[in-house]
file start_24.tsv (TSV, C-alpha atoms)
chain	number	residue	atom	x	y	z
A	1	MET	CA	0.00	0.00	0.00
A	2	THR	CA	1.30	3.44	-0.88
A	3	LEU	CA	0.94	6.61	1.21
A	4	GLU	CA	-1.43	7.95	-1.46
A	5	GLU	CA	-3.67	4.88	-1.17
A	6	TYR	CA	-3.60	5.11	2.61
A	7	LEU	CA	-4.53	8.81	2.71
A	8	SER	CA	-7.23	8.34	0.06
A	9	THR	CA	-8.85	5.64	2.21
A	10	VAL	CA	-8.82	7.82	5.33
A	11	ILE	CA	-9.95	11.01	3.58
A	12	GLY	CA	-12.65	9.15	1.66
A	13	SER	CA	-14.10	7.62	4.82
A	14	LYS	CA	-17.21	8.77	6.67
A	15	PRO	CA	-17.33	9.67	10.38
A	16	GLY	CA	-19.69	6.75	11.05
A	17	GLN	CA	-16.97	4.34	9.94
A	18	TRP	CA	-14.71	5.30	12.87
A	19	ARG	CA	-14.84	4.30	16.53
A	20	ALA	CA	-13.33	6.66	19.08
A	21	SER	CA	-11.81	5.36	22.31
A	22	ASN	CA	-10.45	7.40	25.18
A	23	VAL	CA	-7.75	4.95	26.13
A	24	PRO	CA	-4.02	5.27	26.78
A	25	THR	CA	-2.22	5.16	23.44
A	26	PHE	CA	1.27	4.61	24.92
A	27	MET	CA	2.54	7.03	22.26
A	28	HIS	CA	4.46	9.27	24.65
A	29	ARG	CA	6.51	12.38	24.22
A	30	ILE	CA	8.91	13.49	26.93
A	31	VAL	CA	9.07	17.25	27.51
A	32	PRO	CA	10.81	19.38	30.12
A	33	SER	CA	8.55	19.94	33.10
A	34	ARG	CA	7.29	23.35	34.16
A	35	THR	CA	6.45	21.98	37.59
A	36	PRO	CA	9.03	22.74	40.31
A	37	GLY	CA	10.72	19.58	41.57
A	38	SER	CA	10.06	17.62	38.39
A	39	ASP	CA	12.52	17.20	35.52
A	40	PHE	CA	10.16	16.08	32.79
A	41	GLU	CA	6.60	15.09	32.02
A	42	LEU	CA	5.07	12.55	29.68
A	43	GLN	CA	2.47	13.72	27.21
A	44	GLU	CA	0.40	11.50	24.97
A	45	HIS	CA	-2.57	11.39	22.65
A	46	ASN	CA	-5.89	11.07	24.46
A	47	VAL	CA	-8.08	9.61	21.70
A	48	LEU	CA	-7.57	6.57	19.49
A	49	LEU	CA	-9.73	6.37	16.36
A	50	ASN	CA	-10.18	2.97	14.72
A	51	PHE	CA	-11.54	2.49	11.20
A	52	THR	CA	-14.27	-0.13	11.42
A	53	GLU	CA	-14.08	-1.07	7.72
A	54	ASP	CA	-10.42	-2.10	8.00
A	55	ILE	CA	-8.91	-2.30	11.48
A	56	ARG	CA	-5.39	-1.85	10.12
A	57	PHE	CA	-6.21	1.88	9.84
A	58	SER	CA	-6.24	4.07	12.94
A	59	MET	CA	-5.50	7.59	14.07
A	60	ALA	CA	-4.21	8.94	17.38
A	61	TRP	CA	-5.28	12.45	18.37
A	62	GLY	CA	-4.69	14.94	21.13
A	63	LEU	CA	-0.96	15.47	21.64
A	64	VAL	CA	-0.50	19.25	21.78
A	65	ALA	CA	2.52	20.52	19.84
A	66	ASP	CA	2.07	24.26	20.41
A	67	ARG	CA	-0.14	25.76	23.12
A	68	ASN	CA	0.31	29.33	21.90
A	69	TYR	CA	-0.37	29.18	18.18
A	70	ASN	CA	-1.07	32.62	16.84
A	71	GLU	CA	-1.72	33.51	13.22
A	72	PRO	CA	-3.53	36.46	11.59
A	73	TRP	CA	-6.44	34.29	10.46
A	74	LEU	CA	-7.36	33.58	14.10
A	75	GLU	CA	-8.24	37.27	14.64
A	76	LYS	CA	-11.78	36.68	13.33
A	77	LEU	CA	-12.59	34.30	16.20
A	78	ALA	CA	-13.88	35.15	19.66
A	79	ASN	CA	-10.92	33.39	21.29
A	80	LYS	CA	-7.81	34.25	19.29
A	81	ARG	CA	-5.57	31.71	21.03
A	82	ALA	CA	-5.30	28.25	19.53
A	83	ASP	CA	-3.39	25.01	20.02
A	84	VAL	CA	-1.60	23.01	17.35
A	85	VAL	CA	-2.48	19.36	17.88
A	86	MET	CA	-0.83	16.33	16.31
A	87	LEU	CA	-2.81	13.76	14.41
A	88	ASP	CA	-0.88	10.54	13.92
A	89	LEU	CA	-2.13	8.33	11.12
A	90	LEU	CA	-1.32	4.69	11.79
A	91	PHE	CA	-1.32	1.46	9.78
A	92	ASN	CA	-1.11	-1.74	11.82
A	93	GLY	CA	-0.09	0.48	14.73
A	94	ALA	CA	2.91	1.97	12.89
A	95	LEU	CA	3.15	5.70	12.25
A	96	VAL	CA	2.50	6.39	8.57
A	97	TYR	CA	2.01	10.14	8.54
A	98	ARG	CA	1.76	13.01	11.02
A	99	GLU	CA	-0.41	16.05	10.39
A	100	LYS	CA	-0.72	19.09	12.63
A	101	LEU	CA	-4.20	20.56	12.97
A	102	VAL	CA	-5.35	23.64	14.85
A	103	ALA	CA	-7.79	23.47	17.77
A	104	ALA	CA	-9.21	26.98	17.40
A	105	ASP	CA	-11.56	29.21	19.38
A	106	ASN	CA	-11.04	27.40	22.68
A	107	TRP	CA	-11.26	23.99	20.94
A	108	ARG	CA	-14.63	24.81	19.35
A	109	CYS	CA	-13.33	23.81	15.92
A	110	ILE	CA	-10.54	21.68	14.50
A	111	LEU	CA	-9.08	23.44	11.45
A	112	PRO	CA	-6.24	22.76	9.02
A	113	GLN	CA	-3.20	24.99	8.87
A	114	PRO	CA	-3.35	27.12	5.72
A	115	LEU	CA	-0.42	27.59	3.41
A	116	LYS	CA	1.64	30.62	4.30
A	117	SER	CA	0.00	33.83	3.15
A	118	GLU	CA	-0.20	37.29	4.58
A	119	ALA	CA	-3.86	38.03	3.88
A	120	PRO	CA	-7.09	36.23	3.06
A	121	PRO	CA	-8.00	34.14	1.28
A	122	TYR	CA	-5.88	31.59	3.12
A	123	LYS	CA	-5.39	28.63	0.79
A	124	VAL	CA	-5.67	25.11	2.15
A	125	PRO	CA	-5.04	22.00	0.03
A	126	GLU	CA	-8.42	20.35	-0.57
A	127	ARG	CA	-7.36	17.00	0.90
A	128	ARG	CA	-5.89	18.63	4.04
A	129	MET	CA	-9.24	20.38	4.50
A	130	GLN	CA	-11.10	17.07	4.10
A	131	LEU	CA	-8.89	15.41	6.73
A	132	ALA	CA	-9.44	18.28	9.17
A	133	ARG	CA	-13.21	18.13	8.58
A	134	LEU	CA	-13.19	14.37	9.29
A	135	VAL	CA	-11.23	14.84	12.52
A	136	HIS	CA	-13.47	17.74	13.58
A	137	SER	CA	-16.53	15.53	13.12
A	138	LEU	CA	-14.91	12.73	15.16
A	139	VAL	CA	-13.35	14.63	18.08
A	140	GLY	CA	-14.56	18.21	17.80
A	141	PRO	CA	-17.56	19.78	19.46
A	142	ASP	CA	-20.93	20.10	17.79
A	143	THR	CA	-20.00	23.16	15.72
A	144	SER	CA	-19.99	23.76	11.99
A	145	PHE	CA	-16.62	23.10	10.41
A	146	GLY	CA	-17.70	24.88	7.23
A	147	THR	CA	-18.80	28.00	9.07
A	148	TYR	CA	-15.48	28.29	10.92
A	149	PHE	CA	-13.50	27.52	7.77
A	150	LYS	CA	-15.19	30.41	5.93
A	151	ARG	CA	-15.16	32.79	8.91
A	152	VAL	CA	-11.37	32.72	9.19
A	153	GLY	CA	-10.98	33.31	5.46
A	154	MET	CA	-9.82	29.86	4.37
A	155	VAL	CA	-10.56	28.49	0.91
A	156	PRO	CA	-9.92	25.02	-0.51
A	157	ALA	CA	-7.26	24.95	-3.20
A	158	ASP	CA	-6.40	22.37	-5.82
A	159	ILE	CA	-2.86	21.94	-4.51
A	160	PRO	CA	-1.12	18.57	-4.08
A	161	TRP	CA	-0.95	17.34	-0.49
A	162	PRO	CA	1.05	16.00	1.21
call {"tool": "encode", "arguments": {"input": "start_24.tsv", "output": "structure tokens"}}
result
Amino acid sequence: MTLEEYLSTVIGSKPGQWRASNVPTFMHRIVPSRTPGSDFELQEHNVLLNFTEDIRFSMAWGLVADRNYNEPWLEKLANKRADVVMLDLLFNGALVYREKLVAADNWRCILPQPLKSEAPPYKVPERRMQLARLVHSLVGPDTSFGTYFKRVGMVPADIPWP
């Protein structure tokens, strides 16, 4: 199986074909601790998503990469602070691809990171947008992905990804 075939399967799937579990993933990252008296802390994903049509496919979600993400496109939201969160795409438990998504507006929406641009419209590869929409529907709150996507000035673009 190629990466293209793998990503096409995930992106082409429907939210109802995934099962979310809040279980330890044992996919840890060691970071320096901010707590006095402690040298480091372990961080890990907090949600495991399993594809019910083919259990070789899974995704791990929730490991925060940047707690202070700040970009101009976030200015249109009530809460302008966002977190960058890692999404690990797995095949038979092995890491296949890692994508960073943005938990925006106090985690009210999971959005893709747009390509670098100084002003709207902020272009996002179509497939990256589709992946973010899938993840939002699986782990995000009951908000409209499309409404947030438009509000911040993002537009889908026919650009190869990854």
call {"tool": "residues_around", "arguments": {"input": "start_24.tsv", "residues": "region 151-156 of chain A", "least_positions_apart": "5", "cutoff": "10 Å", "atoms": "all atoms listed in the file", "output": "list in words"}}
result
Pro72, Trp73, Leu74, Glu75, Lys76, Leu77, Leu111, Pro112, Gln113, Pro114, Leu115, Ala119, Pro120, Pro121, Tyr122, Lys123, Val124, Pro125, Glu126, Arg127, Arg128, Met129, Gln130, Phe145 and Gly146 of chain A
call {"tool": "residues_around", "arguments": {"input": "start_24.tsv", "residues": "Pro15 (chain A)", "least_positions_apart": "4", "cutoff": "8 Å", "atoms": "only C-alpha atoms", "output": "NGL selection string"}}
result
:A and (134 or 137-138)
call {"tool": "closest_residue", "arguments": {"input": "start_24.tsv", "among": "A:Thr143, A:Ser38, A:Thr2, A:Asn50", "to": "Trp18 (chain A)", "atoms": "all atoms listed in the file"}}
result
A:Asn50
call {"tool": "closest_residue", "arguments": {"input": "start_24.tsv", "among": "A:Val47, A:Leu95, A:Val23, A:Leu89", "to": "Val10 (chain A)", "atoms": "only C-alpha atoms"}}
result
A:Leu89
call {"tool": "atom_distance", "arguments": {"input": "start_24.tsv", "atom1": "CA of Tyr69 (chain A)", "atom2": "CA of Ala20 (chain A)"}}
result
26.0 Å
call {"tool": "atom_distance", "arguments": {"input": "start_24.tsv", "atom1": "CA of Ser13 (chain A)", "atom2": "CA of Val139 (chain A)"}}
result
15.0 Å
call {"tool": "atom_distance", "arguments": {"input": "start_24.tsv", "atom1": "CA of Phe91 (chain A)", "atom2": "CA of Leu48 (chain A)"}}
result
12.6 Å
call {"tool": "closest_residue", "arguments": {"input": "start_24.tsv", "among": "A:Phe26, A:Ala104, A:Asp39, A:Lys116", "to": "Asn68 (chain A)", "atoms": "only C-alpha atoms"}}
result
A:Ala104
call {"tool": "closest_residue", "arguments": {"input": "start_24.tsv", "among": "A:Pro32, A:Gly93, A:Gly37, A:Gly12", "to": "Leu49 (chain A)", "atoms": "only C-alpha atoms"}}
result
A:Gly93
call {"tool": "residues_around", "arguments": {"input": "start_24.tsv", "residues": "Trp61 (chain A)", "least_positions_apart": "3", "cutoff": "7 Å", "atoms": "all atoms listed in the file", "output": "list in words"}}
result
His45, Asn46, Val47, Leu48, Met86, Leu87 and Asp88 of chain A
call {"tool": "write_last_selection", "arguments": {"input": "start_24.tsv", "atoms": "C-alpha atoms", "output": "PDB file, in the frame of the given file"}}
result
ATOM      1  CA  HIS A  45      -2.570  11.390  22.650  1.00  0.00           C
ATOM      2  CA  ASN A  46      -5.890  11.070  24.460  1.00  0.00           C
ATOM      3  CA  VAL A  47      -8.080   9.610  21.700  1.00  0.00           C
ATOM      4  CA  LEU A  48      -7.570   6.570  19.490  1.00  0.00           C
ATOM      5  CA  MET A  86      -0.830  16.330  16.310  1.00  0.00           C
ATOM      6  CA  LEU A  87      -2.810  13.760  14.410  1.00  0.00           C
ATOM      7  CA  ASP A  88      -0.880  10.540  13.920  1.00  0.00           C
TER       8      ASP A  88
END
call {"tool": "closest_residue", "arguments": {"input": "start_24.tsv", "among": "A:Val102, A:Ala157, A:Val64, A:Met59", "to": "Ile11 (chain A)", "atoms": "all atoms listed in the file"}}
result
A:Met59
call {"tool": "residues_around", "arguments": {"input": "start_24.tsv", "residues": "Glu41 (chain A)", "least_positions_apart": "4", "cutoff": "9 Å", "atoms": "only C-alpha atoms", "output": "JSON, numbers by chain"}}
result
{"A": [29, 30, 31, 32, 33, 34, 35]}
call {"tool": "closest_residue", "arguments": {"input": "start_24.tsv", "among": "A:Tyr6, A:Tyr148, A:Trp107, A:Phe51", "to": "Arg67 (chain A)", "atoms": "only C-alpha atoms"}}
result
A:Trp107
call {"tool": "decode", "arguments": {"input": "start_24.tsv", "residues": "region 18-36 of chain A", "atoms": "C-alpha atoms", "output": "PDB file, in the first residue's frame"}}
result
ATOM      1  CA  TRP A  18     -14.711   5.303  12.871  1.00  0.00           C
ATOM      2  CA  ARG A  19     -14.840   4.302  16.525  1.00  0.00           C
ATOM      3  CA  ALA A  20     -13.325   6.663  19.083  1.00  0.00           C
ATOM      4  CA  SER A  21     -11.810   5.360  22.307  1.00  0.00           C
ATOM      5  CA  ASN A  22     -10.451   7.402  25.183  1.00  0.00           C
ATOM      6  CA  VAL A  23      -7.749   4.953  26.129  1.00  0.00           C
ATOM      7  CA  PRO A  24      -4.024   5.265  26.775  1.00  0.00           C
ATOM      8  CA  THR A  25      -2.222   5.159  23.443  1.00  0.00           C
ATOM      9  CA  PHE A  26       1.271   4.608  24.915  1.00  0.00           C
ATOM     10  CA  MET A  27       2.537   7.026  22.265  1.00  0.00           C
ATOM     11  CA  HIS A  28       4.463   9.267  24.651  1.00  0.00           C
ATOM     12  CA  ARG A  29       6.509  12.378  24.218  1.00  0.00           C
ATOM     13  CA  ILE A  30       8.913  13.488  26.929  1.00  0.00           C
ATOM     14  CA  VAL A  31       9.068  17.254  27.512  1.00  0.00           C
ATOM     15  CA  PRO A  32      10.814  19.384  30.122  1.00  0.00           C
ATOM     16  CA  SER A  33       8.553  19.945  33.101  1.00  0.00           C
ATOM     17  CA  ARG A  34       7.287  23.349  34.158  1.00  0.00           C
ATOM     18  CA  THR A  35       6.448  21.979  37.592  1.00  0.00           C
ATOM     19  CA  PRO A  36       9.026  22.735  40.315  1.00  0.00           C
TER      20      PRO A  36
END
